[in-house]
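Listing of data-v2.pdb, PDB, C-alpha atoms (C1' of nucleotides)
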ATOM      1  CA  MET A 679      95.231-114.134  46.940
ATOM      2  CA  ILE A 680      98.453-112.261  47.434
ATOM      3  CA  GLU A 681     100.404-110.980  44.448
ATOM      4  CA  GLY A 682     103.695-112.617  43.587
ATOM      5  CA  LEU A 683     105.599-115.604  44.835
ATOM      6  CA  GLY A 684     107.147-116.205  48.218
ATOM      7  CA  ILE A 685     110.884-116.737  48.323
ATOM      8  CA  ALA A 686     110.667-120.533  48.393
ATOM      9  CA  GLU A 687     108.317-120.643  45.429
ATOM     10  CA  ALA A 688     110.409-118.133  43.500
ATOM     11  CA  ALA A 689     113.514-120.130  44.260
ATOM     12  CA  SER A 690     112.068-123.419  43.077
ATOM     13  CA  THR A 691     110.589-121.763  39.998
ATOM     14  CA  ILE A 692     113.983-120.441  38.997
ATOM     15  CA  GLY A 693     115.975-123.399  40.207
ATOM     16  CA  LEU A 694     117.858-121.724  43.010
ATOM     17  CA  THR A 695     117.516-121.819  46.777
ATOM     18  CA  ALA A 696     116.040-119.189  49.067
ATOM     19  CA  HIS A 697     119.543-118.758  50.496
ATOM     20  CA  THR A 698     120.941-117.976  47.062
ATOM     21  CA  LEU A 699     118.141-115.549  46.275
ATOM     22  CA  ARG A 700     118.872-113.573  49.425
ATOM     23  CA  TYR A 701     122.556-113.742  48.650
ATOM     24  CA  TYR A 702     121.972-112.277  45.168
ATOM     25  CA  GLU A 703     119.879-109.532  46.669
ATOM     26  CA  ARG A 704     122.505-108.781  49.302
ATOM     27  CA  ILE A 705     125.276-108.318  46.743
ATOM     28  CA  GLY A 706     123.106-106.182  44.486
ATOM     29  CA  LEU A 707     122.760-108.738  41.730
ATOM     30  CA  ALA A 708     119.007-108.863  42.113
ATOM     31  CA  GLY A 709     116.813-105.942  43.081
ATOM     32  CA  GLU A 710     114.712-106.056  46.189
ATOM     33  CA  PRO A 711     111.318-107.554  45.472
ATOM     34  CA  PRO A 712     108.293-105.800  46.960
ATOM     35  CA  ARG A 713     107.206-107.007  50.380
ATOM     36  CA  GLY A 714     103.772-108.285  51.347
ATOM     37  CA  PRO A 715     101.787-106.892  54.314
ATOM     38  CA  ASP A 716     103.645-109.373  56.507
ATOM     39  CA  GLY A 717     106.969-107.899  55.393
ATOM     40  CA  ARG A 718     107.943-110.923  53.349
ATOM     41  CA  ARG A 719     109.350-110.859  49.847
ATOM     42  CA  ARG A 720     106.830-111.146  47.025
ATOM     43  CA  TYR A 721     108.543-111.917  43.724
ATOM     44  CA  THR A 722     106.828-110.406  40.689
ATOM     45  CA  GLU A 723     107.064-111.644  37.083
ATOM     46  CA  GLN A 724     109.575-108.869  36.477
ATOM     47  CA  ASN A 725     111.719-110.117  39.338
ATOM     48  CA  LEU A 726     111.495-113.638  37.969
ATOM     49  CA  ASP A 727     112.422-112.492  34.466
ATOM     50  CA  TRP A 728     115.528-110.855  35.785
ATOM     51  CA  LEU A 729     116.435-113.957  37.759
ATOM     52  CA  ARG A 730     115.890-116.075  34.663
ATOM     53  CA  LEU A 731     118.257-113.857  32.729
ATOM     54  CA  ILE A 732     121.035-113.959  35.267
ATOM     55  CA  THR A 733     120.771-117.716  35.693
ATOM     56  CA  ARG A 734     121.305-117.977  31.939
ATOM     57  CA  LEU A 735     124.301-115.714  32.102
ATOM     58  CA  ARG A 736     125.561-117.662  35.086
ATOM     59  CA  SER A 737     125.180-121.051  33.460
ATOM     60  CA  THR A 738     127.081-119.792  30.442
ATOM     61  CA  GLY A 739     129.983-118.945  32.699
ATOM     62  CA  MET A 740     129.572-115.276  33.452
ATOM     63  CA  SER A 741     131.053-114.509  36.854
ATOM     64  CA  ILE A 742     129.060-113.024  39.691
ATOM     65  CA  ALA A 743     131.277-109.942  39.489
ATOM     66  CA  GLU A 744     130.478-109.371  35.830
ATOM     67  CA  MET A 745     126.770-109.903  36.387
ATOM     68  CA  CYS A 746     126.937-107.368  39.214
ATOM     69  CA  ARG A 747     128.536-104.942  36.801
ATOM     70  CA  TYR A 748     125.667-105.506  34.393
ATOM     71  CA  ALA A 749     123.094-105.031  37.144
ATOM     72  CA  GLU A 750     124.841-101.815  38.122
ATOM     73  CA  LEU A 751     124.588-100.516  34.571
ATOM     74  CA  VAL A 752     120.893-101.342  34.570
ATOM     75  CA  ARG A 753     120.411 -99.384  37.764
ATOM     76  CA  GLU A 754     122.230 -96.408  36.259
ATOM     77  CA  GLY A 755     119.520 -96.064  33.650
ATOM     78  CA  PRO A 756     119.129 -95.802  29.878
ATOM     79  CA  ASP A 757     122.414 -93.963  29.320
ATOM     80  CA  THR A 758     124.303 -97.206  29.803
ATOM     81  CA  VAL A 759     122.498 -99.106  27.078
ATOM     82  CA  GLY A 760     125.530 -99.097  24.800
ATOM     83  CA  GLU A 761     127.801-100.417  27.487
ATOM     84  CA  ARG A 762     125.301-103.102  28.409
ATOM     85  CA  ARG A 763     125.089-104.180  24.799
ATOM     86  CA  GLU A 764     128.853-104.412  24.589
ATOM     87  CA  LEU A 765     128.973-106.488  27.736
ATOM     88  CA  LEU A 766     126.367-108.900  26.444
ATOM     89  CA  GLU A 767     127.957-109.144  23.007
ATOM     90  CA  SER A 768     131.358-109.773  24.447
ATOM     91  CA  HIS A 769     129.901-112.473  26.645
ATOM     92  CA  ARG A 770     128.162-113.988  23.647
ATOM     93  CA  ASP A 771     131.541-114.264  21.925
ATOM     94  CA  VAL A 772     133.015-115.960  24.966
ATOM     95  CA  VAL A 773     130.174-118.484  24.946
ATOM     96  CA  ARG A 774     130.654-119.147  21.242
ATOM     97  CA  GLN A 775     134.338-119.795  21.775
ATOM     98  CA  ARG A 776     133.544-122.012  24.708
ATOM     99  CA  ILE A 777     131.196-124.101  22.579
ATOM    100  CA  ALA A 778     133.817-124.408  19.852
ATOM    101  CA  GLU A 779     136.403-125.476  22.406
ATOM    102  CA  LEU A 780     134.062-128.051  23.906
ATOM    103  CA  GLN A 781     133.382-129.442  20.463
ATOM    104  CA  ARG A 782     137.096-129.790  19.774
ATOM    105  CA  ASP A 783     137.672-131.475  23.126
ATOM    106  CA  LEU A 784     134.681-133.709  22.538
ATOM    107  CA  ALA A 785     136.200-134.861  19.261
ATOM    108  CA  VAL A 786     139.418-135.726  21.092
ATOM    109  CA  ILE A 787     137.516-137.730  23.684
ATOM    110  CA  ASP A 788     135.553-139.505  20.969
ATOM    111  CA  THR A 789     138.748-140.443  19.173
ATOM    112  CA  LYS A 790     140.168-141.583  22.465
ATOM    113  CA  ILE A 791     137.210-143.840  23.134
ATOM    114  CA  GLU A 792     137.311-145.378  19.686
ATOM    115  CA  LYS A 793     141.025-145.775  19.303
ATOM    116  CA  TYR A 794     141.882-147.006  22.734
ATOM    117  CA  PHE A 795     139.027-149.399  23.284
ATOM    118  CA  ALA A 796     138.912-150.710  19.726
ATOM    119  CA  THR A 797     142.511-151.879  19.731
ATOM    120  CA  GLU A 798     143.083-154.024  22.743
ATOM    121  CA  HIS A 799     145.633-152.851  25.263
ATOM    122  CA  SER A 800     147.109-150.039  23.255
ATOM    123  CA  ALA A 801     149.511-148.483  25.700
ATOM    124  CA  VAL A 802     149.375-144.869  26.760
ATOM    125  CA  ALA A 803     151.252-143.592  29.765
ATOM    126  CA  ILE A 804     149.904-142.121  32.930
ATOM    127  CA  GLY A 805     153.187-142.206  34.705
ATOM    128  CA  THR A 806     156.264-144.289  34.419
ATOM    129  CA  GLY A 807     155.292-147.375  32.533
ATOM    130  CA  ALA A 808     151.692-147.553  33.671
ATOM    131  CA  ILE A 809     149.169-148.311  30.960
ATOM    132  CA  GLU A 810     146.373-145.921  30.324
TER     133      GLU A 810
ATOM    134  CA  MET B 452     171.291-133.750  25.863
ATOM    135  CA  ILE B 453     169.126-135.110  28.620
ATOM    136  CA  GLU B 454     165.956-137.052  27.825
ATOM    137  CA  GLY B 455     162.631-135.433  28.546
ATOM    138  CA  LEU B 456     161.486-132.021  29.706
ATOM    139  CA  GLY B 457     162.067-130.297  33.015
ATOM    140  CA  ILE B 458     159.024-129.417  35.048
ATOM    141  CA  ALA B 459     158.897-125.813  33.880
ATOM    142  CA  GLU B 460     159.140-126.808  30.222
ATOM    143  CA  ALA B 461     156.570-129.552  30.646
ATOM    144  CA  ALA B 462     154.260-127.146  32.417
ATOM    145  CA  SER B 463     154.468-124.504  29.709
ATOM    146  CA  THR B 464     154.091-127.129  26.987
ATOM    147  CA  ILE B 465     150.857-128.350  28.513
ATOM    148  CA  GLY B 466     149.645-124.981  29.682
ATOM    149  CA  LEU B 467     149.839-125.579  33.406
ATOM    150  CA  THR B 468     152.228-124.406  36.111
ATOM    151  CA  ALA B 469     154.978-126.384  37.817
ATOM    152  CA  HIS B 470     152.988-126.030  41.015
ATOM    153  CA  THR B 471     149.959-127.647  39.405
ATOM    154  CA  LEU B 472     152.027-130.464  37.930
ATOM    155  CA  ARG B 473     153.407-131.353  41.356
ATOM    156  CA  TYR B 474     149.931-131.048  42.794
ATOM    157  CA  TYR B 475     148.567-133.516  40.223
ATOM    158  CA  GLU B 476     151.389-135.905  41.001
ATOM    159  CA  ARG B 477     150.786-135.586  44.741
ATOM    160  CA  ILE B 478     147.115-136.497  44.461
ATOM    161  CA  GLY B 479     147.823-139.394  42.136
ATOM    162  CA  LEU B 480     146.326-137.817  39.058
ATOM    163  CA  ALA B 481     149.599-137.947  37.175
ATOM    164  CA  GLY B 482     152.203-140.668  37.537
ATOM    165  CA  GLU B 483     155.673-139.869  38.729
ATOM    166  CA  PRO B 484     157.883-138.961  35.820
ATOM    167  CA  PRO B 485     161.379-140.505  35.745
ATOM    168  CA  ARG B 486     164.093-138.483  37.433
ATOM    169  CA  GLY B 487     167.336-137.310  35.876
ATOM    170  CA  PRO B 488     170.754-137.976  37.443
ATOM    171  CA  ASP B 489     170.223-134.823  39.473
ATOM    172  CA  GLY B 490     167.005-136.225  40.916
ATOM    173  CA  ARG B 491     164.807-133.866  39.014
ATOM    174  CA  ARG B 492     161.658-134.753  37.100
ATOM    175  CA  ARG B 493     162.112-135.533  33.428
ATOM    176  CA  TYR B 494     158.788-135.585  31.613
ATOM    177  CA  THR B 495     158.615-138.077  28.740
ATOM    178  CA  GLU B 496     156.288-137.928  25.746
ATOM    179  CA  GLN B 497     154.136-140.498  27.516
ATOM    180  CA  ASN B 498     153.879-138.273  30.562
ATOM    181  CA  LEU B 499     152.959-135.354  28.342
ATOM    182  CA  ASP B 500     150.325-137.390  26.500
ATOM    183  CA  TRP B 501     148.679-138.263  29.773
ATOM    184  CA  LEU B 502     148.761-134.643  30.871
ATOM    185  CA  ARG B 503     147.260-133.584  27.560
ATOM    186  CA  LEU B 504     144.433-136.045  28.051
ATOM    187  CA  ILE B 505     143.596-134.917  31.556
ATOM    188  CA  THR B 506     143.695-131.249  30.615
ATOM    189  CA  ARG B 507     141.110-132.071  27.944
ATOM    190  CA  LEU B 508     138.974-133.881  30.440
ATOM    191  CA  ARG B 509     139.445-131.023  32.872
ATOM    192  CA  SER B 510     138.509-128.333  30.388
ATOM    193  CA  THR B 511     135.370-130.248  29.520
ATOM    194  CA  GLY B 512     134.352-130.113  33.148
ATOM    195  CA  MET B 513     135.468-133.427  34.592
ATOM    196  CA  SER B 514     136.249-132.996  38.269
ATOM    197  CA  ILE B 515     139.623-133.744  39.783
ATOM    198  CA  ALA B 516     137.978-136.533  41.783
ATOM    199  CA  GLU B 517     136.620-138.236  38.680
ATOM    200  CA  MET B 518     139.931-137.923  36.853
ATOM    201  CA  CYS B 519     141.625-139.482  39.874
ATOM    202  CA  ARG B 520     139.170-142.344  39.639
ATOM    203  CA  TYR B 521     140.107-142.783  35.993
ATOM    204  CA  ALA B 522     143.817-142.672  36.794
ATOM    205  CA  GLU B 523     143.254-145.270  39.482
ATOM    206  CA  LEU B 524     141.576-147.585  36.985
ATOM    207  CA  VAL B 525     144.515-147.135  34.672
ATOM    208  CA  ARG B 526     146.914-148.120  37.422
ATOM    209  CA  GLU B 527     144.854-151.213  38.172
ATOM    210  CA  GLY B 528     145.626-152.564  34.721
ATOM    211  CA  PRO B 529     143.832-153.967  31.677
ATOM    212  CA  ASP B 530     140.997-155.581  33.656
ATOM    213  CA  THR B 531     139.431-152.174  34.161
ATOM    214  CA  VAL B 532     139.173-151.343  30.474
ATOM    215  CA  GLY B 533     135.409-151.745  30.447
ATOM    216  CA  GLU B 534     134.915-149.467  33.399
ATOM    217  CA  ARG B 535     137.232-146.889  31.889
ATOM    218  CA  ARG B 536     135.269-146.947  28.689
ATOM    219  CA  GLU B 537     132.046-146.416  30.586
ATOM    220  CA  LEU B 538     133.540-143.521  32.467
ATOM    221  CA  LEU B 539     134.702-141.852  29.280
ATOM    222  CA  GLU B 540     131.431-142.482  27.463
ATOM    223  CA  SER B 541     129.408-141.143  30.323
ATOM    224  CA  HIS B 542     131.591-138.067  30.391
ATOM    225  CA  ARG B 543     131.150-137.675  26.646
ATOM    226  CA  ASP B 544     127.390-137.600  27.170
ATOM    227  CA  VAL B 545     127.758-134.958  29.834
ATOM    228  CA  VAL B 546     129.810-132.829  27.465
ATOM    229  CA  ARG B 547     127.251-133.238  24.695
ATOM    230  CA  GLN B 548     124.497-132.131  27.015
ATOM    231  CA  ARG B 549     126.588-129.219  28.152
ATOM    232  CA  ILE B 550     127.096-128.095  24.569
ATOM    233  CA  ALA B 551     123.377-128.355  23.863
ATOM    234  CA  GLU B 552     122.615-126.350  26.985
ATOM    235  CA  LEU B 553     125.132-123.673  26.046
ATOM    236  CA  GLN B 554     123.611-123.431  22.593
ATOM    237  CA  ARG B 555     120.155-122.948  24.078
ATOM    238  CA  ASP B 556     121.424-120.295  26.461
ATOM    239  CA  LEU B 557     123.319-118.620  23.657
ATOM    240  CA  ALA B 558     120.105-118.351  21.664
ATOM    241  CA  VAL B 559     118.441-116.674  24.630
ATOM    242  CA  ILE B 560     121.286-114.196  24.960
ATOM    243  CA  ASP B 561     121.177-113.481  21.225
ATOM    244  CA  THR B 562     117.464-112.827  21.385
ATOM    245  CA  LYS B 563     118.053-110.613  24.374
ATOM    246  CA  ILE B 564     120.661-108.579  22.541
ATOM    247  CA  GLU B 565     118.478-108.111  19.503
ATOM    248  CA  LYS B 566     115.190-107.468  21.172
ATOM    249  CA  TYR B 567     116.300-105.205  23.946
ATOM    250  CA  PHE B 568     118.760-103.086  22.072
ATOM    251  CA  ALA B 569     116.741-102.865  18.855
ATOM    252  CA  THR B 570     113.698-101.387  20.513
ATOM    253  CA  GLU B 571     114.718 -98.368  22.528
ATOM    254  CA  HIS B 572     114.178 -98.461  26.256
ATOM    255  CA  SER B 573     112.093-101.584  26.411
ATOM    256  CA  ALA B 574     111.677-102.104  30.101
ATOM    257  CA  VAL B 575     112.707-105.241  31.900
ATOM    258  CA  ALA B 576     112.978-105.434  35.635
ATOM    259  CA  ILE B 577     115.986-106.086  37.776
ATOM    260  CA  GLY B 578     114.295-105.182  41.011
ATOM    261  CA  THR B 579     111.383-103.055  41.936
ATOM    262  CA  GLY B 580     110.847-100.702  39.081
ATOM    263  CA  ALA B 581     114.459-100.582  37.908
ATOM    264  CA  ILE B 582     114.951-100.884  34.183
ATOM    265  CA  GLU B 583     117.037-103.701  32.775
TER     266      GLU B 583
ATOM    267  C1'  DG C 173     183.980-118.341  44.771
ATOM    268  C1'  DC C 174     179.630-116.302  44.214
ATOM    269  C1'  DT C 175     175.474-115.323  42.121
ATOM    270  C1'  DT C 176     171.583-116.824  39.518
ATOM    271  C1'  DG C 177     167.945-119.560  38.571
ATOM    272  C1'  DA C 178     165.485-123.768  38.520
ATOM    273  C1'  DC C 179     164.547-127.208  41.209
ATOM    274  C1'  DT C 180     162.991-129.773  45.828
ATOM    275  C1'  DT C 181     159.279-130.617  49.828
ATOM    276  C1'  DC C 182     155.831-129.085  52.843
ATOM    277  C1'  DG C 183     152.031-126.908  54.570
ATOM    278  C1'  DA C 184     149.244-122.996  54.451
ATOM    279  C1'  DG C 185     146.534-119.496  51.923
ATOM    280  C1'  DT C 186     143.387-117.830  48.156
ATOM    281  C1'  DG C 187     139.165-116.884  45.505
ATOM    282  C1'  DC C 188     134.910-118.101  44.001
ATOM    283  C1'  DA C 189     130.175-119.109  44.659
ATOM    284  C1'  DC C 190     127.599-120.476  47.346
ATOM    285  C1'  DT C 191     125.626-122.873  51.661
ATOM    286  C1'  DC C 192     124.420-123.330  56.128
ATOM    287  C1'  DG C 193     123.181-122.619  60.980
ATOM    288  C1'  DA C 194     121.487-119.865  64.667
ATOM    289  C1'  DA C 195     117.950-117.497  66.750
ATOM    290  C1'  DG C 196     113.687-115.676  66.519
ATOM    291  C1'  DA C 197     108.782-114.204  64.678
ATOM    292  C1'  DG C 198     104.219-115.050  62.332
ATOM    293  C1'  DG C 199     100.456-117.746  61.000
ATOM    294  C1'  DC C 200      97.697-121.852  60.732
ATOM    295  C1'  DA C 201      95.842-126.761  61.704
ATOM    296  C1'  DA C 202      94.373-130.102  65.213
TER     297       DA C 202
ATOM    298  C1'  DT D 171      97.603-124.293  73.109
ATOM    299  C1'  DT D 172     100.774-126.792  70.980
ATOM    300  C1'  DG D 173     103.297-127.930  67.334
ATOM    301  C1'  DC D 174     104.989-127.092  62.877
ATOM    302  C1'  DC D 175     106.356-124.738  58.853
ATOM    303  C1'  DT D 176     108.177-120.924  56.539
ATOM    304  C1'  DC D 177     109.835-116.870  56.876
ATOM    305  C1'  DT D 178     113.403-113.160  58.731
ATOM    306  C1'  DT D 179     118.658-111.382  59.435
ATOM    307  C1'  DC D 180     123.362-112.174  60.273
ATOM    308  C1'  DG D 181     127.723-114.018  60.073
ATOM    309  C1'  DA D 182     130.381-118.002  59.562
ATOM    310  C1'  DG D 183     131.535-122.308  57.129
ATOM    311  C1'  DT D 184     132.197-125.293  52.952
ATOM    312  C1'  DG D 185     134.269-127.394  48.828
ATOM    313  C1'  DC D 186     136.794-127.075  44.903
ATOM    314  C1'  DA D 187     140.975-126.392  42.462
ATOM    315  C1'  DC D 188     144.506-124.541  42.707
ATOM    316  C1'  DT D 189     148.357-121.200  44.219
ATOM    317  C1'  DC D 190     151.812-119.580  46.877
ATOM    318  C1'  DG D 191     155.639-118.975  50.151
ATOM    319  C1'  DA D 192     159.307-120.701  52.884
ATOM    320  C1'  DA D 193     163.482-122.795  53.269
ATOM    321  C1'  DG D 194     166.690-125.366  51.305
ATOM    322  C1'  DT D 195     169.713-127.877  47.382
ATOM    323  C1'  DC D 196     172.359-127.969  43.294
ATOM    324  C1'  DA D 197     174.649-127.004  38.775
ATOM    325  C1'  DA D 198     176.199-123.675  35.527
ATOM    326  C1'  DG D 199     178.048-119.292  34.269
ATOM    327  C1'  DC D 200     180.862-114.980  35.269
TER     328       DC D 200
END
Would you put the structure from the file into structure tokens?
Amino acid sequence: MIEGLGIAEAASTIGLTAHTLRYYERIGLAGEPPRGPDGRRRYTEQNLDWLRLITRLRSTGMSIAEMCRYAELVREGPDTVGERRELLESHRDVVRQRIAELQRDLAVIDTKIEKYFATEHSAVAIGTGAIE
Amino acid sequence: MIEGLGIAEAASTIGLTAHTLRYYERIGLAGEPPRGPDGRRRYTEQNLDWLRLITRLRSTGMSIAEMCRYAELVREGPDTVGERRELLESHRDVVRQRIAELQRDLAVIDTKIEKYFATEHSAVAIGTGAIE
DNA sequence: GCTTGACTTCGAGTGCACTCGAAGAGGCAA
DNA sequence: TTGCCTCTTCGAGTGCACTCGAAGTCAAGC
């Protein structure tokens, strides 16, 4: 049995497509996985761990550019540990604020649902005279 | 004094640009505000309320297409109240799930920050051999 | 009277993050 | 051997949500 996962398996494990995996590699967001004797990519657990991390960062709204910056710091070695920490902490704060904002907006939507649909035909404008 | 706000004032009140306001009007997402004697848009409180609602929906991730659908239902009148409610409730569920997902991801990032930066030089892969 | 600034319409351009298609090679099952 | 599937690289295309620029109008202030 050959070590590691092929690109399709890796992709489905992580929840991306093979196209996206190659794209990430191309832009330097993911390192090059080792190749098998046939020259094909063989994703190791380490590769998958990294991919899992960046999909988390991605799904919490970090941009590709910022993730690339992080990856760059990683490549530069242990000297950049402080900067990496700052980057992650600052992102954590952004996520926290985002959650708080979503919760506020959710409350507004909840109120909207209750108020508007409880009272029949309470009028709110979309445009000139139209009822919400 | 003239009734209502000009487009620039309305835009800055809501936190959008005049360009975006016209864009929303063009695609039917916002109704046409009344015009002043000079033919210019005069945004009423009703117009602003609608804009406030859709910016909430927008910031919670509702797509332009779905908001247009909602606006369309509103224009169709009171018969569509049930469908509107469903739309809003289903969006509320999406937002709740999104918050839960963000909280899970946040926990992962927190763990990452603590674990990696507490222990010095713990190795995690980005690519082949590179340290995280 | 002339400048300034906000407004009008229209269509075209931008940036992000993919996403896909083309063209070709390798390996395996029937 | 034939077909089929997955892989490879490369560049080009897509979809979303704006975002902008051009060219022109109009009212108010100096």
Check: which chain C residues lie within 10 Å of chain B using all atoms listed in the file, as a PDB file with C-alpha atoms (C1' of nucleotides), in the frame of the given file:
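As a result, iface.pdb now contains:
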ATOM      1  C1'  DA C 178     165.485-123.768  38.520  1.00  0.00           C
ATOM      2  C1'  DC C 179     164.547-127.208  41.209  1.00  0.00           C
ATOM      3  C1'  DT C 180     162.991-129.773  45.828  1.00  0.00           C
TER       4       DT C 180
END
For chain B versus chain D, which residues have an atom no more than 9 Å away, and what is each residue's nearest atom pair and distance in Å rounded to one decimal, using only C-alpha atoms (C1' of nucleotides), chain-then-number order, as JSON lines?
{"residue": "B:His470", "atom": "CA", "partner": "D:DT189", "partner_atom": "C1'", "distance": 7.4}
{"residue": "B:Thr471", "atom": "CA", "partner": "D:DC188", "partner_atom": "C1'", "distance": 7.1}
{"residue": "B:Tyr474", "atom": "CA", "partner": "D:DC188", "partner_atom": "C1'", "distance": 8.5}
{"residue": "B:Asp489", "atom": "CA", "partner": "D:DC196", "partner_atom": "C1'", "distance": 8.1}
{"residue": "B:Ser514", "atom": "CA", "partner": "D:DC186", "partner_atom": "C1'", "distance": 8.9}
{"residue": "B:Ile515", "atom": "CA", "partner": "D:DA187", "partner_atom": "C1'", "distance": 7.9}
12 Å contact set for range 766-768 of chain A, only C-alpha atoms (C1' of nucleotides), chain neighbours under 2 positions out, as a ChimeraX atom specification: /A:731-732,734-735,738,740,744-745,747-749,751,759-764,770-775 /B:557,559-565,567-568
All Cα atoms, paired in order, least squares: that's the fit I need for chain A onto chain B, output as a short mmCIF file (atom, residue, chain, number, x, y, z; two decimals) with C-alpha atoms, in the coordinates of the input.
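Wrote it out as out10.cif, contents follow:
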data_model
loop_
_atom_site.label_atom_id
_atom_site.label_comp_id
_atom_site.auth_asym_id
_atom_site.auth_seq_id
_atom_site.Cartn_x
_atom_site.Cartn_y
_atom_site.Cartn_z
CA MET A 679 171.31 -133.80 25.89
CA ILE A 680 169.12 -135.13 28.65
CA GLU A 681 165.96 -137.04 27.83
CA GLY A 682 162.62 -135.42 28.55
CA LEU A 683 161.49 -132.03 29.71
CA GLY A 684 162.08 -130.32 33.01
CA ILE A 685 159.03 -129.43 35.05
CA ALA A 686 158.89 -125.82 33.86
CA GLU A 687 159.13 -126.81 30.22
CA ALA A 688 156.56 -129.56 30.66
CA ALA A 689 154.26 -127.15 32.41
CA SER A 690 154.47 -124.50 29.71
CA THR A 691 154.09 -127.13 26.99
CA ILE A 692 150.87 -128.35 28.53
CA GLY A 693 149.64 -125.00 29.72
CA LEU A 694 149.85 -125.58 33.44
CA THR A 695 152.25 -124.42 36.11
CA ALA A 696 155.00 -126.39 37.82
CA HIS A 697 152.98 -126.04 41.03
CA THR A 698 149.97 -127.66 39.41
CA LEU A 699 152.04 -130.47 37.93
CA ARG A 700 153.41 -131.35 41.35
CA TYR A 701 149.94 -131.07 42.79
CA TYR A 702 148.58 -133.54 40.21
CA GLU A 703 151.40 -135.91 40.99
CA ARG A 704 150.81 -135.60 44.73
CA ILE A 705 147.14 -136.53 44.46
CA GLY A 706 147.83 -139.43 42.12
CA LEU A 707 146.32 -137.84 39.05
CA ALA A 708 149.60 -137.97 37.19
CA GLY A 709 152.21 -140.67 37.55
CA GLU A 710 155.68 -139.85 38.72
CA PRO A 711 157.92 -138.96 35.81
CA PRO A 712 161.40 -140.48 35.76
CA ARG A 713 164.12 -138.43 37.42
CA GLY A 714 167.36 -137.25 35.84
CA PRO A 715 170.79 -137.89 37.42
CA ASP A 716 170.28 -134.71 39.42
CA GLY A 717 167.07 -136.13 40.88
CA ARG A 718 164.83 -133.76 38.97
CA ARG A 719 161.70 -134.72 37.09
CA ARG A 720 162.14 -135.51 33.40
CA TYR A 721 158.79 -135.59 31.60
CA THR A 722 158.62 -138.08 28.74
CA GLU A 723 156.27 -137.94 25.74
CA GLN A 724 154.13 -140.52 27.51
CA ASN A 725 153.88 -138.29 30.56
CA LEU A 726 152.96 -135.36 28.34
CA ASP A 727 150.32 -137.40 26.50
CA TRP A 728 148.68 -138.27 29.76
CA LEU A 729 148.76 -134.65 30.88
CA ARG A 730 147.26 -133.60 27.56
CA LEU A 731 144.43 -136.05 28.07
CA ILE A 732 143.58 -134.94 31.56
CA THR A 733 143.69 -131.27 30.63
CA ARG A 734 141.10 -132.08 27.97
CA LEU A 735 138.95 -133.90 30.46
CA ARG A 736 139.43 -131.05 32.89
CA SER A 737 138.50 -128.34 30.43
CA THR A 738 135.36 -130.24 29.55
CA GLY A 739 134.34 -130.11 33.18
CA MET A 740 135.44 -133.41 34.61
CA SER A 741 136.23 -133.00 38.29
CA ILE A 742 139.60 -133.77 39.79
CA ALA A 743 137.96 -136.55 41.79
CA GLU A 744 136.60 -138.24 38.69
CA MET A 745 139.90 -137.93 36.87
CA CYS A 746 141.60 -139.49 39.88
CA ARG A 747 139.15 -142.35 39.65
CA TYR A 748 140.08 -142.80 36.00
CA ALA A 749 143.79 -142.69 36.81
CA GLU A 750 143.22 -145.29 39.50
CA LEU A 751 141.53 -147.60 37.00
CA VAL A 752 144.48 -147.16 34.67
CA ARG A 753 146.87 -148.13 37.43
CA GLU A 754 144.80 -151.23 38.18
CA GLY A 755 145.58 -152.58 34.74
CA PRO A 756 143.79 -153.98 31.69
CA ASP A 757 140.95 -155.58 33.66
CA THR A 758 139.38 -152.17 34.14
CA VAL A 759 139.13 -151.34 30.47
CA GLY A 760 135.36 -151.73 30.43
CA GLU A 761 134.90 -149.47 33.39
CA ARG A 762 137.22 -146.88 31.90
CA ARG A 763 135.25 -146.94 28.68
CA GLU A 764 132.02 -146.42 30.58
CA LEU A 765 133.52 -143.51 32.46
CA LEU A 766 134.69 -141.84 29.28
CA GLU A 767 131.42 -142.47 27.46
CA SER A 768 129.39 -141.13 30.31
CA HIS A 769 131.58 -138.05 30.38
CA ARG A 770 131.16 -137.66 26.64
CA ASP A 771 127.40 -137.58 27.15
CA VAL A 772 127.75 -134.93 29.82
CA VAL A 773 129.83 -132.81 27.46
CA ARG A 774 127.28 -133.22 24.68
CA GLN A 775 124.51 -132.10 26.98
CA ARG A 776 126.61 -129.20 28.14
CA ILE A 777 127.13 -128.07 24.56
CA ALA A 778 123.41 -128.33 23.85
CA GLU A 779 122.64 -126.31 26.96
CA LEU A 780 125.17 -123.65 26.03
CA GLN A 781 123.65 -123.40 22.59
CA ARG A 782 120.18 -122.92 24.06
CA ASP A 783 121.45 -120.28 26.47
CA LEU A 784 123.36 -118.61 23.66
CA ALA A 785 120.15 -118.33 21.66
CA VAL A 786 118.47 -116.67 24.64
CA ILE A 787 121.31 -114.18 24.96
CA ASP A 788 121.22 -113.48 21.24
CA THR A 789 117.49 -112.81 21.39
CA LYS A 790 118.09 -110.62 24.39
CA ILE A 791 120.68 -108.56 22.57
CA GLU A 792 118.50 -108.10 19.52
CA LYS A 793 115.21 -107.48 21.21
CA TYR A 794 116.33 -105.22 23.97
CA PHE A 795 118.76 -103.05 22.07
CA ALA A 796 116.72 -102.87 18.88
CA THR A 797 113.66 -101.41 20.58
CA GLU A 798 114.70 -98.43 22.59
CA HIS A 799 114.15 -98.56 26.32
CA SER A 800 112.06 -101.69 26.44
CA ALA A 801 111.63 -102.22 30.14
CA VAL A 802 112.68 -105.36 31.94
CA ALA A 803 112.96 -105.51 35.69
CA ILE A 804 115.99 -106.10 37.80
CA GLY A 805 114.30 -105.19 41.00
CA THR A 806 111.43 -103.00 41.91
CA GLY A 807 110.87 -100.71 39.00
CA ALA A 808 114.44 -100.55 37.78
CA ILE A 809 114.90 -100.87 34.04
CA GLU A 810 117.05 -103.59 32.67
#
Build an axis-aligned box that encloses every atom of range 185-194 of chain D listed in the file, pad it by 5 Å on each side, and report its centre and edge lengths in Å to one decimal, as JSON.
{"center_x": 150.5, "center_y": -123.2, "center_z": 47.9, "size_x": 42.4, "size_y": 18.4, "size_z": 20.8}
